[in-house]
$ cat final_2.csv   # CSV, C-alpha atoms
chain,number,residue,atom,x,y,z
A,26,MET,CA,0.0,0.0,0.0
A,27,ASN,CA,1.5,3.3,-1.1
A,28,SER,CA,0.2,6.2,1.0
A,29,GLY,CA,2.5,8.8,-0.5
A,30,PHE,CA,5.0,8.7,2.3
A,31,ARG,CA,8.7,8.2,1.4
A,32,PRO,CA,11.4,7.2,3.8
A,33,CYS,CA,12.7,10.2,5.6
A,34,ARG,CA,16.0,10.6,7.5
A,35,LEU,CA,16.5,13.8,9.4
A,36,GLU,CA,18.7,15.2,12.1
A,37,VAL,CA,17.7,18.7,13.3
A,38,ILE,CA,20.6,20.8,14.4
A,39,ALA,CA,20.0,24.2,16.1
A,40,THR,CA,21.9,27.0,14.4
A,41,GLY,CA,21.4,30.7,13.9
A,42,CYS,CA,18.2,32.3,12.7
A,43,ALA,CA,16.9,30.8,9.4
A,44,SER,CA,13.5,31.4,8.0
A,45,ASN,CA,11.3,28.5,6.8
A,46,GLY,CA,9.0,31.0,5.0
A,47,LYS,CA,6.3,31.0,7.6
A,48,ARG,CA,8.0,32.1,10.8
A,49,SER,CA,11.4,32.5,12.4
A,50,CYS,CA,12.9,29.1,12.9
A,51,PHE,CA,16.2,28.5,14.7
A,52,LEU,CA,16.8,25.2,13.1
A,53,LYS,CA,18.6,24.0,10.0
A,54,PRO,CA,18.0,20.4,9.0
A,55,ALA,CA,21.0,18.3,8.3
A,56,TYR,CA,20.3,15.0,6.6
A,57,ARG,CA,21.9,12.4,8.8
A,58,THR,CA,20.6,9.1,10.0
A,59,SER,CA,18.1,9.4,12.9
A,60,ALA,CA,15.0,7.4,12.0
A,61,THR,CA,13.1,6.2,9.1
A,62,VAL,CA,9.4,6.7,8.3
A,63,THR,CA,8.0,4.2,5.8
A,64,ALA,CA,4.7,3.8,4.0
A,65,ASP,CA,3.8,1.1,6.5
A,66,ALA,CA,4.4,3.4,9.5
A,67,PRO,CA,3.5,7.0,8.6
A,68,THR,CA,2.2,7.9,12.1
A,69,ARG,CA,5.5,7.7,14.1
A,70,HIS,CA,8.8,9.5,13.6
A,71,ALA,CA,12.0,10.5,15.4
A,72,ALA,CA,14.6,13.2,14.9
A,73,THR,CA,17.6,14.3,16.9
A,74,LEU,CA,18.4,17.7,18.3
A,75,ARG,CA,21.6,19.3,19.4
A,76,VAL,CA,21.7,23.0,20.4
A,77,PRO,CA,25.3,24.4,20.1
A,78,ALA,CA,26.8,26.4,23.0
A,79,ASN,CA,26.9,29.5,20.9
A,80,HIS,CA,23.2,29.5,20.1
A,81,PRO,CA,21.9,33.1,20.6
A,82,ALA,CA,19.0,32.0,22.8
A,83,LEU,CA,21.5,30.8,25.4
A,84,THR,CA,22.9,34.2,26.2
A,85,GLY,CA,21.9,34.9,29.8
A,86,HIS,CA,20.0,31.6,30.2
A,87,PHE,CA,21.7,31.1,32.7
A,88,PRO,CA,25.3,32.6,33.1
A,89,GLY,CA,27.6,29.9,34.5
A,90,ASN,CA,25.0,27.2,34.1
A,91,PRO,CA,23.4,27.5,30.7
A,92,ILE,CA,20.3,25.4,29.8
A,93,VAL,CA,18.4,25.4,26.5
A,94,PRO,CA,15.2,27.5,26.9
A,95,GLY,CA,11.9,25.6,26.5
A,96,VAL,CA,10.9,27.8,23.6
A,97,VAL,CA,13.9,26.6,21.6
A,98,ILE,CA,13.0,23.0,22.4
A,99,LEU,CA,9.4,23.6,21.2
A,100,ASP,CA,10.7,25.3,18.1
A,101,ALA,CA,12.8,22.3,17.4
A,102,VAL,CA,9.8,20.0,17.8
A,103,ILE,CA,7.7,22.1,15.4
A,104,CYS,CA,10.5,22.4,12.8
A,105,ALA,CA,11.2,18.6,13.0
A,106,ALA,CA,7.5,17.9,12.5
A,107,GLU,CA,7.3,20.3,9.5
A,108,ALA,CA,10.4,18.7,8.0
A,109,TRP,CA,8.9,15.2,8.4
A,110,LEU,CA,5.4,16.0,7.3
A,111,GLY,CA,6.1,18.7,4.6
A,112,GLY,CA,4.3,21.9,3.6
A,113,GLY,CA,0.8,20.5,4.2
A,114,PHE,CA,1.4,20.2,7.9
A,115,HIS,CA,0.3,23.2,10.0
A,116,VAL,CA,0.5,23.5,13.8
A,117,ARG,CA,-2.7,25.1,15.1
A,118,GLY,CA,-1.8,25.1,18.7
A,119,LEU,CA,0.0,23.6,21.6
A,120,SER,CA,-2.5,21.5,23.6
A,121,HIS,CA,-0.1,21.0,26.4
A,122,ALA,CA,3.6,20.8,27.2
A,123,LYS,CA,5.5,19.8,30.2
A,124,PHE,CA,9.3,20.3,30.8
A,125,LEU,CA,10.7,17.6,33.1
A,126,ALA,CA,14.5,18.0,32.9
A,127,PRO,CA,16.9,20.6,31.6
A,128,LEU,CA,18.8,20.2,28.3
A,129,LYS,CA,22.3,21.5,28.3
A,130,PRO,CA,24.0,23.1,25.3
A,131,ASP,CA,25.7,20.5,23.0
A,132,GLU,CA,23.8,17.6,24.5
A,133,ALA,CA,22.2,15.2,22.1
A,134,ALA,CA,18.4,14.8,22.4
A,135,ARG,CA,15.9,12.7,20.5
A,136,ILE,CA,12.4,14.0,19.5
A,137,GLU,CA,9.8,11.3,19.0
A,138,PHE,CA,6.4,11.8,17.4
A,139,ALA,CA,3.2,9.8,17.3
A,140,PHE,CA,-0.2,10.8,15.8
A,141,ARG,CA,-3.2,10.2,18.0
A,142,GLY,CA,-6.1,11.1,15.7
A,143,PRO,CA,-5.7,14.8,14.8
A,144,LEU,CA,-3.2,15.3,17.6
A,145,LEU,CA,0.6,15.0,17.3
A,146,GLU,CA,2.1,13.8,20.5
A,147,PHE,CA,5.8,14.5,21.1
A,148,ALA,CA,8.4,13.5,23.6
A,149,VAL,CA,12.0,14.8,23.9
A,150,TYR,CA,14.6,12.4,25.5
A,151,ARG,CA,18.2,12.7,26.6
A,152,GLY,CA,19.2,9.1,26.7
A,153,LEU,CA,16.4,7.4,28.7
A,154,ALA,CA,15.5,10.6,30.6
A,155,THR,CA,12.4,12.5,29.4
A,156,ILE,CA,13.2,16.2,28.9
A,157,ALA,CA,9.8,17.4,27.6
A,158,LYS,CA,6.5,16.0,26.3
A,159,GLY,CA,3.3,17.4,25.0
A,160,THR,CA,0.7,17.5,22.3
A,161,LEU,CA,0.4,19.7,19.2
A,162,SER,CA,-3.0,20.3,17.5
A,163,SER,CA,-2.5,20.4,13.8
A,164,THR,CA,-4.0,20.2,10.4
A,165,ARG,CA,-2.7,18.4,7.3
A,166,ASP,CA,-3.7,19.5,3.8
A,167,THR,CA,-5.0,16.5,1.8
A,168,ALA,CA,-3.4,17.8,-1.4
A,169,SER,CA,0.1,17.7,0.0
$ encode --input "final_2.csv" --output "structure tokens"
Amino acid sequence: MNSGFRPCRLEVIATGCASNGKRSCFLKPAYRTSATVTADAPTRHAATLRVPANHPALTGHFPGNPIVPGVVILDAVICAAEAWLGGGFHVRGLSHAKFLAPLKPDEAARIEFAFRGPLLEFAVYRGLATIAKGTLSSTRDTAS
């Protein structure tokens, strides 16, 4: 069964400001092995995230003990979802989000997605520890 999904490999790396045409996005996709989405499993996906120590959002957050701001993590989640699902995917809102542990600059994190009906659930992990989790409400254009 071909649902139009192609295998997708993506690593998301936080960099400077880059525009995705719709809003400011701090992420630049780098195509390196992270996870594969196949036509048989189009409802789950994973991407990796690493925010460099020189990221502009880290200035002052917090001097001597920097942590990645939650908004940068959420931006990474949205950008990774858009990269996975393409231009027909639109985030309509953040149903909920919970931050459970800090992410330090240059630490590798894994973003996992799963569709639950019209909602896109996400979780961000550093190793086995959950950093953040939540749910995005979204729409997908049927023509895309």
$ closest_residue --input "final_2.csv" --among "A:Val76, A:Ala139, A:Ala82, A:Val116" --to "Thr164 in chain A" --atoms "only C-alpha atoms"
A:Val116
$ residues_around --input "final_2.csv" --residues "range 141-144 of chain A" --least-positions-apart "2" --cutoff "10 Å" --atoms "all atoms listed in the file" --output "ChimeraX atom specification"
/A:68-69,116,118-120,138-139,146-147,160-165
$ write_last_selection --input "final_2.csv" --atoms "C-alpha atoms" --output "compact mmCIF listing (two decimals), in the coordinates of the input"
# COMPACT_ATOMS: atom_id res chain seq x y z
CA THR A 68 2.20 7.90 12.10
CA ARG A 69 5.50 7.70 14.10
CA VAL A 116 0.50 23.50 13.80
CA GLY A 118 -1.80 25.10 18.70
CA LEU A 119 0.00 23.60 21.60
CA SER A 120 -2.50 21.50 23.60
CA PHE A 138 6.40 11.80 17.40
CA ALA A 139 3.20 9.80 17.30
CA GLU A 146 2.10 13.80 20.50
CA PHE A 147 5.80 14.50 21.10
CA THR A 160 0.70 17.50 22.30
CA LEU A 161 0.40 19.70 19.20
CA SER A 162 -3.00 20.30 17.50
CA SER A 163 -2.50 20.40 13.80
CA THR A 164 -4.00 20.20 10.40
CA ARG A 165 -2.70 18.40 7.30
$ atom_distance --input "final_2.csv" --atom1 "CA of Cys104 in chain A" --atom2 "CA of Phe87 in chain A"
24.4 Å
$ closest_residue --input "final_2.csv" --among "A:Arg135, A:Lys158, A:Arg75, A:His70" --to "Glu107 in chain A" --atoms "all atoms listed in the file"
A:His70
$ atom_distance --input "final_2.csv" --atom1 "CA of Val93 in chain A" --atom2 "CA of Leu153 in chain A"
18.2 Å
$ atom_distance --input "final_2.csv" --atom1 "CA of Ala126 in chain A" --atom2 "CA of Pro88 in chain A"
18.2 Å
